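Asks: The structure that follows is given in the form of structure tokens.
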Amino acid sequence: MLTDVVALNSWNLPVGLPADISSMIMKVDLSSLSQCITWDGVGSPISKTFSKSFYSNLDDIGWAKFIWHKGSALRYASYTWMAMHRKLKIADLLILKGIPVSSSCSFCVSNWESHSHLYFECDFTFRTLTALLPSLGIFYLRPNLHQVYDFLSNIRHFSSFDSHFCYLTISVIVYWIWRERNGRKFSSLRKNQSEMMAVIIQAIRAKVIKWKHYDTLKVNFKEILD
Ligand SMILES: [Zn+2]
């Protein structure tokens, strides 16, 4: 706390502070400042105020809340963050960089592999998505990741727990599609749709089983939790 090191408008530094640091701090003449030291105009600063100020130079990314939320898991969120930024090492990007790789989708084989194809133009990945979250079957054309999150965030009867559950589910799907894609590309490992869904469901359940409103979620998301 600032009050621990300032008294009567002058420095009151701890005795054990290294001399070079004390010397640097003492160069700031508090008596030349205004009578009241405040944090950006806020009399009672809290961590949130500090964070907001510290990161104020960074762009505000509106969709970040879909990835980094109370129920997020680092492993799944990280890959989804990369997918949203189109930074996964998918065939179209590698070919663009001159790296020779197979350009076809590992799931349907009949299309070029790209971020938008994998998430979720591809028949295989879209079927997986809608089997787990049937409300997404409403799309006439195949949605991309942004459209999926946007749709889920606008479902009015969803509580914040429902929304977080859906956001987590999407990130788990993104991660396991990526894992399955790599398994198919670089080894003989290959799961069919049911097997992949089972893995995804198991991963989601492991994460949410201790959530406060698990029983309510079980009612709303039978395809995953029942
Ligand atoms: Zn495909």
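Each chain in the structure tokens gets a letter, A, B and so on, in the order shown; residues start at 1 in every chain, and ligands are counted from 1 in the order they appear.
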So that I can check the surroundings of region 181-190 of chain A, please list as a PDB file with N, CA and C atoms, in the first residue's frame every protein, DNA and RNA residue that reaches within 9 Å of it, counting only C-alpha atoms and ignoring chain neighbours fewer than 2 positions away.
Replies:
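Result saved to out_25.pdb:
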```pdb
ATOM      1  N   SER A 102       0.167 -31.494 -47.670  1.00  0.00           N
ATOM      2  CA  SER A 102      -1.071 -31.886 -48.352  1.00  0.00           C
ATOM      3  C   SER A 102      -2.130 -30.805 -48.098  1.00  0.00           C
ATOM      4  N   CYS A 105      -8.417 -31.380 -46.819  1.00  0.00           N
ATOM      5  CA  CYS A 105      -8.965 -31.496 -45.467  1.00  0.00           C
ATOM      6  C   CYS A 105      -8.847 -32.949 -45.003  1.00  0.00           C
ATOM      7  N   SER A 106      -8.382 -33.131 -43.783  1.00  0.00           N
ATOM      8  CA  SER A 106      -8.176 -34.493 -43.271  1.00  0.00           C
ATOM      9  C   SER A 106      -9.487 -35.196 -42.969  1.00  0.00           C
ATOM     10  N   PHE A 107     -10.564 -34.449 -42.904  1.00  0.00           N
ATOM     11  CA  PHE A 107     -11.849 -35.053 -42.537  1.00  0.00           C
ATOM     12  C   PHE A 107     -12.683 -35.433 -43.762  1.00  0.00           C
ATOM     13  N   TRP A 176     -10.083 -30.284 -29.933  1.00  0.00           N
ATOM     14  CA  TRP A 176     -10.066 -31.703 -30.323  1.00  0.00           C
ATOM     15  C   TRP A 176     -10.162 -31.907 -31.824  1.00  0.00           C
ATOM     16  N   ILE A 177     -10.771 -30.964 -32.510  1.00  0.00           N
ATOM     17  CA  ILE A 177     -10.741 -31.036 -33.984  1.00  0.00           C
ATOM     18  C   ILE A 177      -9.295 -30.875 -34.456  1.00  0.00           C
ATOM     19  N   TRP A 178      -8.597 -29.954 -33.823  1.00  0.00           N
ATOM     20  CA  TRP A 178      -7.195 -29.724 -34.188  1.00  0.00           C
ATOM     21  C   TRP A 178      -6.338 -30.951 -33.880  1.00  0.00           C
ATOM     22  N   ARG A 179      -6.564 -31.575 -32.707  1.00  0.00           N
ATOM     23  CA  ARG A 179      -5.825 -32.781 -32.336  1.00  0.00           C
ATOM     24  C   ARG A 179      -6.120 -33.919 -33.315  1.00  0.00           C
ATOM     25  N   ASN A 192     -13.475 -41.971 -35.441  1.00  0.00           N
ATOM     26  CA  ASN A 192     -14.685 -41.637 -36.188  1.00  0.00           C
ATOM     27  C   ASN A 192     -15.466 -40.578 -35.399  1.00  0.00           C
TER      28      ASN A 192
END
```
Asks: Write out as an NGL selection string each polymer residue whose atoms come within 12 Å of Asn12 (chain A), counting only C-alpha atoms; drop sequence neighbours fewer than 5 positions from it.
Replies: :A and (2-7 or 17 or 22 or 25-26 or 30)
Asks: Mind dumping the selected residues with N, CA and C atoms as a PDB file, in the first residue's frame?
Replies:
```pdb
ATOM      1  N   LEU A   2       0.395   2.238  -0.727  1.00  0.00           N
ATOM      2  CA  LEU A   2       1.151   3.486  -0.795  1.00  0.00           C
ATOM      3  C   LEU A   2       1.287   4.130   0.583  1.00  0.00           C
ATOM      4  N   THR A   3       0.234   3.967   1.402  1.00  0.00           N
ATOM      5  CA  THR A   3       0.269   4.585   2.740  1.00  0.00           C
ATOM      6  C   THR A   3       1.350   3.966   3.626  1.00  0.00           C
ATOM      7  N   ASP A   4       1.843   2.794   3.257  1.00  0.00           N
ATOM      8  CA  ASP A   4       2.906   2.153   4.053  1.00  0.00           C
ATOM      9  C   ASP A   4       4.258   2.825   3.831  1.00  0.00           C
ATOM     10  N   VAL A   5       4.402   3.537   2.732  1.00  0.00           N
ATOM     11  CA  VAL A   5       5.714   4.125   2.424  1.00  0.00           C
ATOM     12  C   VAL A   5       5.675   5.658   2.337  1.00  0.00           C
ATOM     13  N   VAL A   6       4.491   6.224   2.532  1.00  0.00           N
ATOM     14  CA  VAL A   6       4.374   7.687   2.514  1.00  0.00           C
ATOM     15  C   VAL A   6       3.742   8.141   3.818  1.00  0.00           C
ATOM     16  N   ALA A   7       4.330   9.138   4.437  1.00  0.00           N
ATOM     17  CA  ALA A   7       3.753   9.698   5.659  1.00  0.00           C
ATOM     18  C   ALA A   7       3.968  11.196   5.653  1.00  0.00           C
ATOM     19  N   LEU A  17      15.107  -1.710   2.682  1.00  0.00           N
ATOM     20  CA  LEU A  17      15.086  -1.522   1.226  1.00  0.00           C
ATOM     21  C   LEU A  17      16.507  -1.248   0.715  1.00  0.00           C
ATOM     22  N   SER A  22      16.169   2.826  -2.739  1.00  0.00           N
ATOM     23  CA  SER A  22      15.740   3.952  -1.884  1.00  0.00           C
ATOM     24  C   SER A  22      16.149   5.279  -2.495  1.00  0.00           C
ATOM     25  N   ILE A  25      13.956   6.212  -5.420  1.00  0.00           N
ATOM     26  CA  ILE A  25      12.617   6.638  -4.992  1.00  0.00           C
ATOM     27  C   ILE A  25      12.671   8.033  -4.366  1.00  0.00           C
ATOM     28  N   MET A  26      13.708   8.258  -3.553  1.00  0.00           N
ATOM     29  CA  MET A  26      13.809   9.540  -2.828  1.00  0.00           C
ATOM     30  C   MET A  26      13.976  10.731  -3.779  1.00  0.00           C
ATOM     31  N   LEU A  30       8.034  14.493  -3.116  1.00  0.00           N
ATOM     32  CA  LEU A  30       6.586  14.478  -2.889  1.00  0.00           C
ATOM     33  C   LEU A  30       6.040  15.859  -2.547  1.00  0.00           C
TER      34      LEU A  30
END
```
Asks: So how far away is CA of Trp211 (chain A) from CA of Ser135 (chain A), in Å?
Replies: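 If I compute the distance from CA of Ser135 (chain A) to CA of Trp211 (chain A), I get 22.3 Å.
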Asks: If you count only C-alpha atoms, which residues fall within 12 Å of Pro100 (chain A), apart from same-chain ones fewer than 6 positions away, as JSON, numbers by chain?
Replies: {"A": [90, 91, 92, 93, 94]}
Asks: Apply DSSP to the backbone of this structure and, from region 141-177 of chain A, keep only the residues in alpha helix (DSSP H); write these as a count of residues only.
Replies: 27
Asks: Residues at most 12 Å from ligand 1, using only C-alpha atoms and all ligand atoms? Could they come as a list of chain:residue names?
Replies: A:Ser103, A:Ser104, A:Cys105, A:Ser106, A:Phe107, A:Cys108, A:Val109, A:Ser110, A:Asn111, A:Trp112, A:Glu113, A:Ser114, A:His115, A:Ser116, A:His117, A:Leu118, A:Tyr119, A:Phe120, A:Glu121, A:Cys122, A:Asp123, A:Phe124, A:Thr125, A:Phe126, A:Arg127, A:Ile177, A:Arg181
Asks: Excluding same-chain residues fewer than 2 positions from region 148-150 of chain A, what lies within 9 Å of it counting only C-alpha atoms, as a list in words?
Replies: Trp63, Phe66, Leu136, Pro143, Asn144, Leu145, His146, Leu152, Ser153, Asn154, Cys166, Tyr167 and Ile170 of chain A
Asks: List every residue of chain A that DSSP, applied to the backbone of this structure, places in strand (DSSP E), and write the result as a ChimeraX atom specification.
Replies: /A:6-7,10-11
Asks: Residues near Asn220 (chain A), anyone? I mean within 9 Å using only C-alpha atoms, not counting same-chain ones fewer than 4 positions away, as a list in words.
Replies: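 What passes the distance filter is Asp162, Thr216 and Leu225 of chain A.
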Asks: Produce a file of the selected residues containing C-alpha atoms, as a JSON list (two decimals), in the first residue's frame.
Replies:
```json
[["chain", "number", "residue", "atom", "x", "y", "z"],
["A", 162, "ASP", "CA", -25.13, -21.34, -19.87],
["A", 216, "THR", "CA", -29.23, -26.91, -14.39],
["A", 225, "LEU", "CA", -24.07, -33.82, -19.88]]
```
Asks: Which residue gives the smallest distance to Lys207 (chain A) among A:Val101, A:Phe165, A:Asp29, A:Phe54, with only C-alpha atoms counted?
Replies: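 For Lys207 (chain A), the nearest of the candidates is A:Phe165.
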Asks: Tell me, in Å to one decimal, how far CA of His164 (chain A) is from CA of Ala203 (chain A).
Replies: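 Going from CA of His164 (chain A) over to CA of Ala203 (chain A) covers 15.1 Å.
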Asks: May I ask which of the residues A:Thr130, A:Ile200, A:Gly98, A:Trp81 is the closest one to Lys65 (chain A), counting only C-alpha atoms?
Replies: A:Trp81
Asks: How many Å lie between CA of Ala64 (chain A) and CA of Leu141 (chain A), rounded to one decimal?
Replies: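 Rounded to one decimal, the two atoms are 24.4 Å apart.
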Asks: From the list A:Leu132, A:Thr169, A:Val174, A:Val199, which residue is nearest Asp226 (chain A) when using only C-alpha atoms?
Replies: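 Of all the options, A:Leu132 lies closest to Asp226 (chain A).
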